[in-house]
file protein_1.csv (CSV, C-alpha atoms)
chain,number,residue,atom,x,y,z
A,23,MET,CA,117.1,-8.3,-70.1
A,24,SER,CA,116.3,-7.1,-66.6
A,25,ALA,CA,115.9,-9.5,-63.8
A,26,PRO,CA,112.3,-10.3,-62.7
A,27,VAL,CA,110.8,-8.4,-59.8
A,28,ARG,CA,110.7,-10.7,-56.8
A,29,ILE,CA,107.3,-10.3,-55.2
A,30,GLY,CA,106.3,-11.8,-52.0
A,31,ILE,CA,102.5,-12.6,-51.8
A,32,LEU,CA,101.3,-12.7,-48.2
A,33,PHE,CA,97.9,-14.5,-47.7
A,34,GLY,CA,95.8,-16.3,-45.2
A,35,GLY,CA,96.0,-14.8,-41.8
A,36,PRO,CA,94.3,-15.3,-38.4
A,37,SER,CA,91.1,-13.3,-39.3
A,38,ALA,CA,87.8,-14.8,-40.1
A,39,GLU,CA,88.5,-13.9,-43.8
A,40,HIS,CA,91.4,-16.4,-44.0
A,41,ASP,CA,89.7,-18.5,-46.8
A,42,VAL,CA,88.8,-15.4,-48.8
A,43,SER,CA,92.4,-14.3,-48.7
A,44,CYS,CA,93.6,-17.6,-49.9
A,45,ALA,CA,91.3,-17.4,-52.9
A,46,SER,CA,92.3,-13.8,-53.7
A,47,ALA,CA,96.0,-14.6,-53.5
A,48,LEU,CA,95.6,-17.5,-55.9
A,49,GLY,CA,94.1,-15.1,-58.5
A,50,VAL,CA,96.9,-12.5,-57.9
A,51,ALA,CA,99.6,-15.1,-58.1
A,52,ARG,CA,98.3,-16.6,-61.3
A,53,ALA,CA,98.0,-13.2,-63.0
A,54,LEU,CA,101.6,-12.2,-61.9
A,55,ALA,CA,103.3,-15.4,-62.6
A,56,GLY,CA,105.9,-14.9,-65.3
A,57,GLY,CA,105.8,-11.6,-67.3
A,58,GLY,CA,108.6,-10.0,-65.2
A,59,TYR,CA,107.7,-11.3,-61.8
A,60,ARG,CA,109.2,-14.0,-59.6
A,61,ILE,CA,106.5,-15.2,-57.2
A,62,VAL,CA,107.3,-16.1,-53.6
A,63,ALA,CA,104.1,-17.2,-51.8
A,64,ILE,CA,104.1,-16.9,-48.0
A,65,GLY,CA,101.1,-18.2,-46.1
A,66,VAL,CA,100.1,-16.7,-42.8
A,67,THR,CA,98.5,-19.5,-40.6
A,68,ARG,CA,95.4,-19.0,-38.5
A,69,THR,CA,97.7,-18.7,-35.5
A,70,GLY,CA,99.9,-16.0,-37.1
A,71,GLY,CA,102.9,-18.0,-38.2
A,72,LEU,CA,104.5,-17.8,-41.6
A,73,ARG,CA,105.0,-20.7,-44.0
A,74,LEU,CA,106.8,-20.6,-47.3
A,75,VAL,CA,104.9,-22.4,-50.1
A,76,PRO,CA,107.5,-24.6,-51.9
A,77,ASP,CA,108.1,-23.9,-55.5
A,78,ALA,CA,106.8,-27.3,-56.6
A,79,ALA,CA,103.5,-26.8,-54.7
A,80,LEU,CA,103.1,-23.3,-55.9
A,81,SER,CA,103.5,-24.4,-59.5
A,82,GLY,CA,100.7,-26.9,-59.0
A,83,PHE,CA,98.4,-24.3,-57.6
A,84,LEU,CA,99.2,-21.8,-60.4
A,85,ALA,CA,98.5,-24.5,-63.0
A,86,GLY,CA,94.8,-24.4,-62.0
A,87,THR,CA,94.3,-27.1,-59.4
A,88,PRO,CA,92.7,-26.9,-56.9
A,89,SER,CA,90.0,-24.4,-57.8
A,90,GLU,CA,89.7,-21.1,-56.0
A,91,ARG,CA,86.9,-22.4,-53.8
A,92,ALA,CA,89.1,-25.4,-52.8
A,93,ILE,CA,92.0,-23.3,-51.5
A,94,ASP,CA,92.3,-23.8,-47.8
A,95,ASP,CA,94.8,-24.3,-45.0
A,96,ARG,CA,97.0,-26.5,-47.1
A,97,LEU,CA,98.6,-23.4,-48.6
A,98,THR,CA,99.7,-22.2,-45.2
A,99,VAL,CA,101.0,-25.4,-43.6
A,100,ILE,CA,102.7,-27.4,-46.4
A,101,GLY,CA,106.0,-25.4,-46.3
A,102,PRO,CA,108.7,-24.6,-43.8
A,103,ALA,CA,108.2,-22.1,-41.0
A,104,VAL,CA,109.8,-18.8,-42.0
A,105,GLU,CA,110.1,-15.2,-40.9
A,106,LEU,CA,110.6,-11.9,-42.7
A,107,ARG,CA,113.7,-9.8,-42.1
A,108,ALA,CA,115.2,-6.7,-43.5
A,109,GLY,CA,117.3,-7.5,-46.6
A,110,PRO,CA,121.0,-6.9,-47.1
A,111,ARG,CA,120.2,-4.2,-49.7
A,112,SER,CA,118.1,-1.1,-49.0
A,113,GLY,CA,114.5,-1.6,-50.0
A,114,THR,CA,114.5,-5.4,-49.8
A,115,ALA,CA,113.4,-8.1,-47.4
A,116,VAL,CA,114.4,-11.7,-47.0
A,117,VAL,CA,112.5,-14.8,-46.2
A,118,THR,CA,114.6,-16.8,-43.7
A,119,ALA,CA,114.2,-20.2,-42.0
A,120,MET,CA,112.9,-20.1,-38.5
A,121,ASP,CA,115.2,-22.9,-37.4
A,122,ALA,CA,118.2,-21.4,-39.1
A,123,PRO,CA,117.9,-17.6,-39.2
A,124,GLY,CA,121.0,-17.3,-41.4
A,125,ALA,CA,119.5,-19.5,-44.1
A,126,VAL,CA,117.8,-17.3,-46.7
A,127,HIS,CA,115.1,-18.9,-48.8
A,128,ALA,CA,114.3,-15.8,-50.9
A,129,GLU,CA,115.0,-12.1,-51.3
A,130,LEU,CA,112.0,-9.8,-52.0
A,131,ASP,CA,111.9,-6.5,-53.9
A,132,VAL,CA,108.2,-5.8,-53.0
A,133,VAL,CA,105.5,-7.4,-50.9
A,134,PHE,CA,101.8,-7.8,-51.9
A,135,PRO,CA,99.8,-8.4,-48.6
A,136,VAL,CA,96.7,-10.0,-50.1
A,137,LEU,CA,95.2,-10.2,-46.6
A,138,HIS,CA,91.6,-9.4,-45.6
A,139,GLY,CA,90.4,-8.4,-42.2
A,140,PRO,CA,92.1,-7.9,-38.9
A,141,PHE,CA,95.9,-8.5,-38.6
A,142,GLY,CA,96.2,-8.0,-42.4
A,143,GLU,CA,94.2,-5.1,-43.6
A,144,ASP,CA,94.2,-3.0,-40.5
A,145,GLY,CA,97.7,-1.6,-40.4
A,146,VAL,CA,99.4,-4.5,-38.5
A,147,VAL,CA,101.2,-6.1,-41.4
A,148,GLN,CA,101.7,-2.7,-43.0
A,149,GLY,CA,103.6,-1.7,-39.8
A,150,LEU,CA,105.8,-4.8,-40.1
A,151,LEU,CA,106.6,-4.1,-43.7
A,152,GLU,CA,107.4,-0.4,-42.9
A,153,SER,CA,109.8,-1.5,-40.2
A,154,LEU,CA,111.6,-3.8,-42.8
A,155,GLY,CA,111.9,-0.9,-45.2
A,156,VAL,CA,110.5,-2.9,-48.1
A,157,PRO,CA,108.0,-1.5,-50.7
A,158,TYR,CA,104.5,-3.0,-50.4
A,159,VAL,CA,101.2,-2.8,-52.3
A,160,GLY,CA,98.2,-0.9,-50.9
A,161,CYS,CA,97.4,1.6,-48.2
A,162,GLY,CA,99.8,2.5,-45.5
A,163,ILE,CA,99.5,2.1,-41.7
A,164,LEU,CA,97.1,4.9,-41.0
A,165,ALA,CA,94.8,4.5,-44.0
A,166,SER,CA,94.6,0.8,-43.5
A,167,ALA,CA,93.7,1.2,-39.8
A,168,VAL,CA,91.1,3.9,-40.6
A,169,GLY,CA,89.6,1.9,-43.4
A,170,MET,CA,89.3,-1.2,-41.3
A,171,ASP,CA,87.7,0.6,-38.3
A,172,LYS,CA,84.1,1.6,-39.3
A,173,VAL,CA,83.9,4.1,-36.4
A,174,ALA,CA,87.1,5.9,-37.4
A,175,MET,CA,86.2,5.7,-41.1
A,176,LYS,CA,82.9,7.3,-40.6
A,177,ARG,CA,84.5,10.1,-38.6
A,178,ALA,CA,87.0,10.7,-41.4
A,179,LEU,CA,84.4,10.8,-44.0
A,180,ARG,CA,82.1,13.1,-42.1
A,181,ALA,CA,84.9,15.5,-41.4
A,182,GLU,CA,85.5,15.8,-45.2
A,183,GLY,CA,81.8,16.2,-46.0
A,184,VAL,CA,81.3,12.8,-47.5
A,185,PRO,CA,77.7,11.6,-46.9
A,186,ILE,CA,77.2,8.7,-44.6
A,187,THR,CA,74.2,7.0,-43.1
A,188,PRO,CA,73.0,7.8,-39.6
A,189,HIS,CA,74.6,5.4,-37.1
A,190,VAL,CA,75.6,4.8,-33.5
A,191,SER,CA,78.5,2.9,-32.0
A,192,PHE,CA,79.3,1.5,-28.6
A,193,ASP,CA,81.7,-0.9,-26.9
A,194,ALA,CA,81.0,-4.2,-25.2
A,195,THR,CA,81.2,-2.7,-21.7
A,196,THR,CA,78.5,-0.1,-22.5
A,197,TYR,CA,76.3,-2.8,-23.9
A,198,ARG,CA,76.7,-5.1,-21.0
A,199,THR,CA,75.8,-2.4,-18.5
A,200,THR,CA,72.7,-1.2,-20.4
A,201,GLU,CA,69.5,-2.7,-19.2
A,202,ASP,CA,67.7,-2.1,-22.5
A,203,PRO,CA,69.7,-2.3,-25.7
A,204,GLU,CA,67.0,-0.4,-27.6
A,205,LYS,CA,68.2,2.7,-25.7
A,206,LEU,CA,71.6,2.4,-27.5
A,207,VAL,CA,69.9,2.9,-30.9
A,208,LEU,CA,67.5,5.7,-30.2
A,209,GLY,CA,66.9,7.8,-33.3
A,210,LEU,CA,67.5,5.0,-35.8
A,211,ARG,CA,64.6,3.4,-37.7
A,212,ARG,CA,64.2,-0.3,-38.4
A,213,PRO,CA,65.7,-2.0,-40.3
A,214,VAL,CA,69.1,-1.4,-38.9
A,215,PHE,CA,72.4,-3.2,-39.6
A,216,VAL,CA,74.4,-4.3,-36.7
A,217,LYS,CA,78.1,-4.8,-37.5
A,218,PRO,CA,81.5,-5.5,-35.8
A,219,ALA,CA,83.5,-2.3,-36.1
A,220,ARG,CA,86.6,-4.1,-37.5
A,221,MET,CA,85.6,-6.9,-39.8
A,222,GLY,CA,84.9,-7.4,-43.5
A,223,SER,CA,83.3,-9.8,-46.0
A,224,SER,CA,79.9,-9.3,-44.2
A,225,ILE,CA,81.1,-11.4,-41.3
A,226,GLY,CA,79.2,-10.8,-38.1
A,227,ILE,CA,76.6,-8.5,-39.7
A,228,SER,CA,72.9,-8.8,-39.0
A,229,ARG,CA,69.9,-7.1,-40.5
A,230,VAL,CA,67.4,-6.2,-37.7
A,231,ALA,CA,63.9,-5.4,-38.8
A,232,GLU,CA,60.8,-4.7,-36.7
A,233,GLY,CA,60.2,-7.6,-34.3
A,234,ASP,CA,63.8,-9.0,-34.7
A,235,ASP,CA,66.0,-9.6,-31.7
A,236,LEU,CA,68.4,-6.6,-31.5
A,237,ALA,CA,70.3,-8.2,-28.5
A,238,ALA,CA,71.0,-11.3,-30.5
A,239,ALA,CA,72.4,-9.3,-33.4
A,240,ILE,CA,74.7,-7.3,-31.0
A,241,GLU,CA,75.9,-10.5,-29.4
A,242,GLU,CA,76.8,-11.9,-32.9
A,243,ALA,CA,78.8,-8.7,-33.7
A,244,LEU,CA,80.6,-8.9,-30.3
A,245,ARG,CA,81.8,-12.4,-31.3
A,246,HIS,CA,84.1,-10.7,-33.8
A,247,ASP,CA,85.0,-7.4,-32.1
A,248,THR,CA,84.6,-5.4,-28.9
A,249,VAL,CA,83.0,-2.4,-30.6
A,250,VAL,CA,79.7,-2.5,-32.5
A,251,VAL,CA,78.3,-0.1,-35.1
A,252,VAL,CA,74.6,0.1,-35.8
A,253,GLU,CA,73.6,1.8,-39.0
A,254,GLN,CA,70.4,3.1,-40.3
A,255,GLY,CA,69.1,0.9,-43.1
A,256,VAL,CA,68.6,2.5,-46.5
A,257,SER,CA,66.0,1.3,-49.0
A,258,GLY,CA,67.9,1.5,-52.2
A,259,ARG,CA,70.5,0.1,-54.5
A,260,GLU,CA,74.0,-1.2,-53.5
A,261,LEU,CA,76.7,0.3,-55.7
A,262,GLU,CA,80.4,-0.1,-55.7
A,263,CYS,CA,83.3,1.8,-57.3
A,264,GLY,CA,87.0,1.1,-57.4
A,265,VAL,CA,89.8,3.6,-56.8
A,266,LEU,CA,93.3,3.1,-58.1
A,267,GLY,CA,96.3,5.4,-57.8
A,268,GLY,CA,98.4,7.6,-55.5
A,269,THR,CA,98.1,11.3,-55.0
A,270,ARG,CA,95.8,11.7,-58.0
A,271,PRO,CA,93.8,8.4,-58.1
A,272,ASP,CA,91.4,7.3,-60.8
A,273,ALA,CA,87.9,5.9,-60.3
A,274,SER,CA,86.5,2.9,-62.1
A,275,ALA,CA,83.2,2.2,-63.7
A,276,VAL,CA,80.3,1.6,-61.2
A,277,GLY,CA,79.0,-1.8,-60.4
A,278,GLU,CA,75.8,-2.9,-58.7
A,279,VAL,CA,75.1,-5.7,-56.4
A,280,ARG,CA,71.6,-7.2,-56.7
A,281,VAL,CA,70.8,-9.8,-54.0
A,282,SER,CA,67.9,-11.6,-52.5
A,283,GLY,CA,67.0,-11.2,-48.8
A,284,GLY,CA,67.7,-7.5,-48.7
A,285,TRP,CA,71.5,-7.4,-48.4
A,286,PHE,CA,74.7,-8.9,-49.6
A,287,ASP,CA,75.6,-11.4,-46.9
A,288,TYR,CA,78.7,-13.7,-46.6
A,289,ARG,CA,76.9,-16.7,-48.2
A,290,GLN,CA,75.7,-14.8,-51.3
A,291,LYS,CA,79.0,-13.0,-51.6
A,292,TYR,CA,81.2,-16.1,-51.9
A,293,PHE,CA,78.9,-19.2,-52.3
A,294,GLY,CA,75.9,-18.0,-54.2
A,295,ASP,CA,74.8,-20.0,-57.2
A,296,THR,CA,74.3,-16.9,-59.4
A,297,ASP,CA,76.5,-13.8,-60.0
A,298,PRO,CA,74.7,-10.9,-58.3
A,299,MET,CA,77.1,-8.3,-59.8
A,300,ILE,CA,76.0,-6.1,-62.7
A,301,VAL,CA,78.8,-4.1,-64.3
A,302,PRO,CA,78.4,-1.4,-65.3
A,303,ALA,CA,75.4,-0.4,-63.3
A,304,SER,CA,72.5,1.2,-65.1
A,305,LEU,CA,72.5,4.7,-63.8
A,306,PRO,CA,72.0,8.3,-65.0
A,307,PRO,CA,75.3,9.7,-66.1
A,308,GLU,CA,75.2,12.4,-63.4
A,309,VAL,CA,74.8,9.7,-60.7
A,310,THR,CA,77.7,7.7,-62.0
A,311,GLU,CA,79.9,10.7,-62.0
A,312,ARG,CA,78.8,11.7,-58.5
A,313,ILE,CA,79.7,8.2,-57.3
A,314,ARG,CA,83.2,8.4,-59.0
A,315,ASP,CA,83.8,11.8,-57.5
A,316,LEU,CA,82.7,10.7,-54.0
A,317,SER,CA,84.9,7.6,-54.3
A,318,VAL,CA,88.0,9.6,-54.9
A,319,ARG,CA,87.1,12.0,-52.1
A,320,ALA,CA,86.5,9.2,-49.6
A,321,PHE,CA,89.8,7.6,-50.6
A,322,ALA,CA,91.5,10.9,-49.9
A,323,ALA,CA,89.7,11.3,-46.6
A,324,ILE,CA,91.3,8.2,-45.1
A,325,GLY,CA,94.7,9.0,-46.7
A,326,GLY,CA,94.5,6.1,-49.2
A,327,TRP,CA,97.2,4.9,-51.5
A,328,GLY,CA,97.2,2.2,-54.1
A,329,LEU,CA,93.6,0.9,-54.1
A,330,ALA,CA,90.2,0.7,-52.4
A,331,ARG,CA,86.7,-0.3,-53.2
A,332,VAL,CA,84.1,2.2,-52.1
A,333,ASP,CA,80.6,0.9,-51.3
A,334,PHE,CA,77.5,3.1,-51.7
A,335,LEU,CA,73.8,3.0,-50.8
A,336,PHE,CA,71.6,4.9,-53.3
A,337,ASP,CA,68.2,6.0,-52.3
A,338,GLU,CA,66.6,6.6,-55.7
A,339,VAL,CA,63.4,8.1,-54.3
A,340,ALA,CA,65.2,10.8,-52.3
A,341,GLY,CA,68.1,11.0,-54.8
A,342,GLU,CA,70.6,10.6,-52.0
A,343,LEU,CA,73.9,8.7,-52.1
A,344,TYR,CA,75.7,7.5,-49.0
A,345,VAL,CA,79.2,6.0,-48.6
A,346,ASN,CA,78.7,2.8,-46.7
A,347,GLU,CA,82.4,1.9,-46.3
A,348,LEU,CA,85.8,1.6,-47.9
A,349,ASN,CA,87.7,-1.7,-48.3
A,350,THR,CA,91.4,-1.1,-48.6
A,351,MET,CA,92.2,-4.6,-49.8
A,352,PRO,CA,89.1,-5.7,-51.7
A,353,GLY,CA,88.6,-9.3,-52.9
A,354,PHE,CA,90.7,-10.3,-55.9
A,355,THR,CA,89.0,-13.6,-56.8
A,356,ALA,CA,87.5,-14.1,-60.3
A,357,HIS,CA,84.1,-13.3,-58.8
A,358,SER,CA,85.1,-10.1,-57.0
A,359,MET,CA,83.7,-6.7,-57.9
A,360,TYR,CA,87.0,-4.7,-57.9
A,361,PRO,CA,88.5,-6.4,-61.0
A,362,LYS,CA,85.1,-6.3,-62.7
A,363,VAL,CA,84.5,-2.6,-62.4
A,364,TRP,CA,88.1,-1.9,-63.6
A,365,ALA,CA,87.6,-4.2,-66.6
A,366,ALA,CA,84.5,-2.2,-67.5
A,367,ALA,CA,86.7,0.9,-67.4
A,368,GLY,CA,89.2,-0.7,-69.8
A,369,VAL,CA,91.8,-1.8,-67.2
A,370,ASP,CA,92.3,-5.6,-67.1
A,371,TYR,CA,93.3,-7.7,-64.1
A,372,ARG,CA,97.0,-7.9,-65.0
A,373,GLU,CA,97.2,-4.1,-65.6
A,374,ILE,CA,95.6,-3.4,-62.2
A,375,LEU,CA,98.4,-5.5,-60.5
A,376,ASP,CA,101.2,-3.9,-62.6
A,377,ARG,CA,100.0,-0.5,-61.6
A,378,LEU,CA,99.7,-1.5,-57.9
A,379,VAL,CA,103.3,-2.8,-57.9
A,380,ALA,CA,104.5,0.4,-59.6
A,381,LEU,CA,102.6,2.5,-57.0
A,382,ALA,CA,104.3,0.5,-54.2
A,383,PHE,CA,107.8,1.4,-55.6
A,384,ALA,CA,106.7,5.0,-56.3
A,385,ARG,CA,105.6,5.6,-52.7
A,386,HIS,CA,108.8,4.0,-51.4
A,387,VAL,CA,111.2,6.2,-53.3
A,388,GLN,CA,109.1,9.4,-52.6
A,389,ARG,CA,109.3,9.1,-48.9
A,390,PRO,CA,112.1,10.5,-46.7
A,391,GLY,CA,114.3,7.6,-45.7
A,392,GLY,CA,112.9,5.3,-48.3
A,393,GLY,CA,109.6,4.4,-46.8
A,394,ALA,CA,108.3,6.0,-43.6
A,395,GLY,CA,104.8,5.1,-42.7
A,396,ARG,CA,101.8,7.2,-43.8

call {"tool": "encode", "arguments": {"input": "protein_1.csv", "output": "structure tokens"}}
result
Amino acid sequence: MSAPVRIGILFGGPSAEHDVSCASALGVARALAGGGYRIVAIGVTRTGGLRLVPDAALSGFLAGTPSERAIDDRLTVIGPAVELRAGPRSGTAVVTAMDAPGAVHAELDVVFPVLHGPFGEDGVVQGLLESLGVPYVGCGILASAVGMDKVAMKRALRAEGVPITPHVSFDATTYRTTEDPEKLVLGLRRPVFVKPARMGSSIGISRVAEGDDLAAAIEEALRHDTVVVVEQGVSGRELECGVLGGTRPDASAVGEVRVSGGWFDYRQKYFGDTDPMIVPASLPPEVTERIRDLSVRAFAAIGGWGLARVDFLFDEVAGELYVNELNTMPGFTAHSMYPKVWAAAGVDYREILDRLVALAFARHVQRPGGGAGR
């Protein structure tokens, strides 16, 4: 009988999506526990430090208490402070005590960075893991960075002929030195969506209709980033599709998000009283296939590996599809769209994770030197 794969689950982080990451990680850990995996849970605090979740505490969390919604900073502060180092064997990493660097708490065969937002999903942690030479789940440095940055993402998609909505972008300095912010969005019709360039989970996003305060929306976005993206609103349906794989990825079934108030904001996404997700979406077969094809093309455009969720806007009147964005580490809670669209395609939660771990190892052995960054 082979030894279990030792998988380090990184979660939390200093971004505004800390709580969402904790909930996603709990779902991942519960699904992977046993069945050939040895779970090592490593919480990233809001200040960027690493804490090892003790086995006894981890067992309690995996048993089902507290609930996903109750997961909070307790997961990232209850254990000893640790750091990640290259392991004694090629392709491994070790978790060592901060106060005694020679003391090894655990050795890891692969790392699953269940981190959302800046400092986790944007290539920063991926760069650390590359430097350690350990296999890890998900997109590499470049794809993660491009996927996180809406400006770079749109440039990559446009270069590959993937349809995107009209938009403009500008930095804080440009905004502060412009007398009239309306001049920055010339050519865009209301409503528009004002977004931080590098943030997820609908944090910092405002919908600005006729008569609304554009400046206030820009200020809100600048609370989370120094670059703002303003996108043309599209009257239509919000559709989502999952991508899973490496050089020849697969696309999932298509799901739809139906919300009140015109868009899927943070409150409805994580704290709504009803499930707004419809899977599979009711669409003509040719539209479904077009979405699946565009999802794979968008994934390739950013150099993706492992997984991504591709979000679309569908203008039914005009018959136009637009890729709104890619999320290279989509939510993995029980309420998240990514597992749901794959379940509708016949791939259950556990199989998704098994395939992602296998893809992490496959990328590692295929690269010169055992894991150079992509």

call {"tool": "closest_residue", "arguments": {"input": "protein_1.csv", "among": "A:Pro140, A:Gly149, A:Pro361, A:Pro185", "to": "A:Glu262", "atoms": "all atoms listed in the file"}}
result
A:Pro361

call {"tool": "residues_around", "arguments": {"input": "protein_1.csv", "residues": "A:Leu72", "least_positions_apart": "2", "cutoff": "8 Å", "atoms": "only C-alpha atoms", "output": "JSON, numbers by chain"}}
result
{"A": [64, 65, 66, 67, 70, 74, 98, 103, 104, 105]}

call {"tool": "residues_around", "arguments": {"input": "protein_1.csv", "residues": "A:Val116", "least_positions_apart": "5", "cutoff": "8 Å", "atoms": "all atoms listed in the file", "output": "list in words"}}
result
Leu106, Arg107, Ala108, Gly109, Val126, His127, Ala128, Glu129 and Leu130 of chain A

call {"tool": "atom_distance", "arguments": {"input": "protein_1.csv", "atom1": "atom CA of A:Val301", "atom2": "atom CA of A:Val159"}}
result
25.4 Å

call {"tool": "atom_distance", "arguments": {"input": "protein_1.csv", "atom1": "atom CA of A:Asp272", "atom2": "atom CA of A:Ser317"}}
result
9.2 Å

call {"tool": "closest_residue", "arguments": {"input": "protein_1.csv", "among": "A:Ala365, A:Gly328, A:Phe83, A:Cys263", "to": "A:Phe383", "atoms": "only C-alpha atoms"}}
result
A:Gly328

call {"tool": "closest_residue", "arguments": {"input": "protein_1.csv", "among": "A:Ala45, A:Val62, A:Ala125, A:Val265", "to": "A:Arg377", "atoms": "only C-alpha atoms"}}
result
A:Val265

call {"tool": "atom_distance", "arguments": {"input": "protein_1.csv", "atom1": "atom CA of A:Met175", "atom2": "atom CA of A:Val216"}}
result
16.1 Å

call {"tool": "closest_atom_pairs", "arguments": {"input": "protein_1.csv", "of": "stretch 329-357 of chain A", "to": "stretch 235-255 of chain A", "cutoff": "12 Å", "atoms": "only C-alpha atoms", "output": "Markdown table"}}
result
| residue | atom | partner | partner_atom | distance |
| --- | --- | --- | --- | --- |
| A:Leu335 | CA | A:Gly255 | CA | 9.3 |
| A:Phe336 | CA | A:Gly255 | CA | 11.2 |
| A:Asp337 | CA | A:Gly255 | CA | 10.6 |
| A:Tyr344 | CA | A:Gly255 | CA | 11.0 |
| A:Val345 | CA | A:Glu253 | CA | 11.9 |
| A:Asn346 | CA | A:Glu253 | CA | 9.3 |
| A:Glu347 | CA | A:Glu253 | CA | 11.4 |

call {"tool": "closest_residue", "arguments": {"input": "protein_1.csv", "among": "A:Leu80, A:Arg229, A:Thr118, A:Pro302", "to": "A:Ala51", "atoms": "all atoms listed in the file"}}
result
A:Leu80

call {"tool": "residues_around", "arguments": {"input": "protein_1.csv", "residues": "A:Phe321", "least_positions_apart": "3", "cutoff": "10 Å", "atoms": "only C-alpha atoms", "output": "count of residues only"}}
result
25

call {"tool": "closest_residue", "arguments": {"input": "protein_1.csv", "among": "A:Gly341, A:Gly113, A:Thr355, A:Arg280", "to": "A:Pro306", "atoms": "only C-alpha atoms"}}
result
A:Gly341

call {"tool": "closest_residue", "arguments": {"input": "protein_1.csv", "among": "A:Leu206, A:Ile186, A:Ala380, A:Val133", "to": "A:Phe334", "atoms": "all atoms listed in the file"}}
result
A:Ile186

call {"tool": "residues_around", "arguments": {"input": "protein_1.csv", "residues": "A:Ser43", "least_positions_apart": "5", "cutoff": "6 Å", "atoms": "only C-alpha atoms", "output": "ChimeraX atom specification"}}
result
/A:33-34,137-138

call {"tool": "residues_around", "arguments": {"input": "protein_1.csv", "residues": "stretch 366-375 of chain A", "least_positions_apart": "6", "cutoff": "6 Å", "atoms": "only C-alpha atoms", "output": "list in words"}}
result
Ala53, Ser274 and Ala275 of chain A

call {"tool": "build_atoms", "arguments": {"input": "protein_1.csv", "residues": "stretch 110-114 of chain A", "atoms": "all heavy atoms", "output": "PDB file, in the coordinates of the input"}}
result
ATOM      1  N   PRO A 110     119.620  -7.482 -47.175  1.00  0.00           N
ATOM      2  CA  PRO A 110     121.000  -6.900 -47.100  1.00  0.00           C
ATOM      3  C   PRO A 110     121.112  -5.653 -47.947  1.00  0.00           C
ATOM      4  O   PRO A 110     122.031  -4.869 -47.724  1.00  0.00           O
ATOM      5  CB  PRO A 110     121.813  -8.070 -47.765  1.00  0.00           C
ATOM      6  CG  PRO A 110     120.852  -8.810 -48.652  1.00  0.00           C
ATOM      7  CD  PRO A 110     119.538  -8.732 -47.943  1.00  0.00           C
ATOM      8  N   ARG A 111     120.199  -5.440 -48.869  1.00  0.00           N
ATOM      9  CA  ARG A 111     120.200  -4.200 -49.700  1.00  0.00           C
ATOM     10  C   ARG A 111     119.012  -3.351 -49.278  1.00  0.00           C
ATOM     11  O   ARG A 111     117.945  -3.872 -48.947  1.00  0.00           O
ATOM     12  CB  ARG A 111     120.144  -4.545 -51.158  1.00  0.00           C
ATOM     13  CG  ARG A 111     121.324  -5.344 -51.661  1.00  0.00           C
ATOM     14  CD  ARG A 111     121.230  -5.633 -53.157  1.00  0.00           C
ATOM     15  NE  ARG A 111     120.062  -6.432 -53.489  1.00  0.00           N
ATOM     16  CZ  ARG A 111     119.014  -5.970 -54.128  1.00  0.00           C
ATOM     17  NH1 ARG A 111     118.952  -4.692 -54.478  1.00  0.00           N
ATOM     18  NH2 ARG A 111     117.992  -6.758 -54.417  1.00  0.00           N
ATOM     19  N   SER A 112     119.183  -2.042 -49.343  1.00  0.00           N
ATOM     20  CA  SER A 112     118.100  -1.100 -49.000  1.00  0.00           C
ATOM     21  C   SER A 112     116.888  -1.391 -49.879  1.00  0.00           C
ATOM     22  O   SER A 112     117.004  -1.586 -51.093  1.00  0.00           O
ATOM     23  CB  SER A 112     118.567   0.316 -49.186  1.00  0.00           C
ATOM     24  OG  SER A 112     117.517   1.222 -48.941  1.00  0.00           O
ATOM     25  N   GLY A 113     115.709  -1.408 -49.250  1.00  0.00           N
ATOM     26  CA  GLY A 113     114.500  -1.600 -50.000  1.00  0.00           C
ATOM     27  C   GLY A 113     114.159  -3.042 -50.299  1.00  0.00           C
ATOM     28  O   GLY A 113     113.293  -3.317 -51.130  1.00  0.00           O
ATOM     29  N   THR A 114     114.810  -3.978 -49.638  1.00  0.00           N
ATOM     30  CA  THR A 114     114.500  -5.400 -49.800  1.00  0.00           C
ATOM     31  C   THR A 114     114.209  -6.054 -48.500  1.00  0.00           C
ATOM     32  O   THR A 114     114.541  -5.520 -47.444  1.00  0.00           O
ATOM     33  CB  THR A 114     115.664  -6.150 -50.516  1.00  0.00           C
ATOM     34  OG1 THR A 114     116.801  -6.158 -49.639  1.00  0.00           O
ATOM     35  CG2 THR A 114     116.049  -5.505 -51.836  1.00  0.00           C
TER      36      THR A 114
END
